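**Student:** To start, I am sharing the structure in question, which I have written as structure tokens.
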Amino acid sequence: MASRYLDTSPTVAAALKAGTPIVVIETGFFMKLPYPKNKEALLECEQAFWQRQCVPCCVAVVEGRLKAGLVKDDMEKLCRAGKSCARWELPDRKST
């Protein structure tokens with residue numbers, strides 16, 4: 001599911017529709033680790049929530065889009081880049 005400013009992964013969208021508990025994981029903390037440790041830690045964190053019957057929802061900005069729930073390719077891009085977004089990476093809402 002996509003909106004003007006937010007892309008929601010199919011897994012997170014289905015959980016929202018079903019009323020399944022969702023836990024938001026802010027990815028900036030994990031980007032302080034070097035690749036591939038950041039990816040391993042993020043996946044381990046996600047797995048811990050899956051084991052508790054919660055849907056993990058990693059949030060990040062990937063290629064200028066706000067993401068709620070990262071698909072495999074988005075997680076790989078984010079972890080390889082190894083950085084959180086800066087204000088200049090976000091679209092200017094006044095011009096859109």
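Convention: chains lettered A, B, ... in structure tokens order; per-chain residue numbering from 1; ligands numbered from 1 as shown.
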Name all residues at most 12 Å from A:Leu78 (count only C-alpha atoms; drop same-chain ones fewer than 3 positions away) and give them as a VMD selection string.

**Tutor:** chain A and resid 27 to 28 30 to 36 38 to 39 42 58 to 67 70 to 75 81 to 85

**Student:** As a list in words, please: every residue in chain A that DSSP puts in strand (DSSP E).

**Tutor:**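 Residues meeting the strand (DSSP E) criterion: Leu6, Asp7, Thr8, Ile22, Val23, Val24, Ile25, Glu26, Val55, Pro56, Cys57, Cys58, Val59, Ala60, Val61, Val62, Arg65, Leu66, Lys67 and Ala68 of chain A.
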
**Student:** What does the distance from atom CA of A:Leu43 to atom CA of A:Ser3 come to in Å, to one decimal?

**Tutor:**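 Atom-to-atom, atom CA of A:Leu43 to atom CA of A:Ser3, that is 25.9 Å.
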
**Student:** List every residue of stretch 20-89 of chain A that DSSP, applied to the backbone of this structure, assigns to alpha helix (DSSP H), and report them as a ChimeraX atom specification.

**Tutor:** /A:37-50,72-81

**Student:** Can you tell me which residues surround A:Pro56 at a distance of at most 10 Å, considering only C-alpha atoms, apart from same-chain residues fewer than 2 positions away, and format the answer as number ranges by chain?

**Tutor:** A: 11-12, 15, 21-25, 43, 45-50, 53-54, 58-59, 68-70

**Student:** Calculate how many Å separate atom CA of A:Lys77 from atom CA of A:Gly19, rounding to one decimal.

**Tutor:**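 Here the two named atoms are 29.3 Å from each other.
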
**Student:** Go ahead and compute the interatomic distance for atom CA of A:Leu16 and atom CA of A:Cys57, in Å to one decimal.

**Tutor:** 10.8 Å
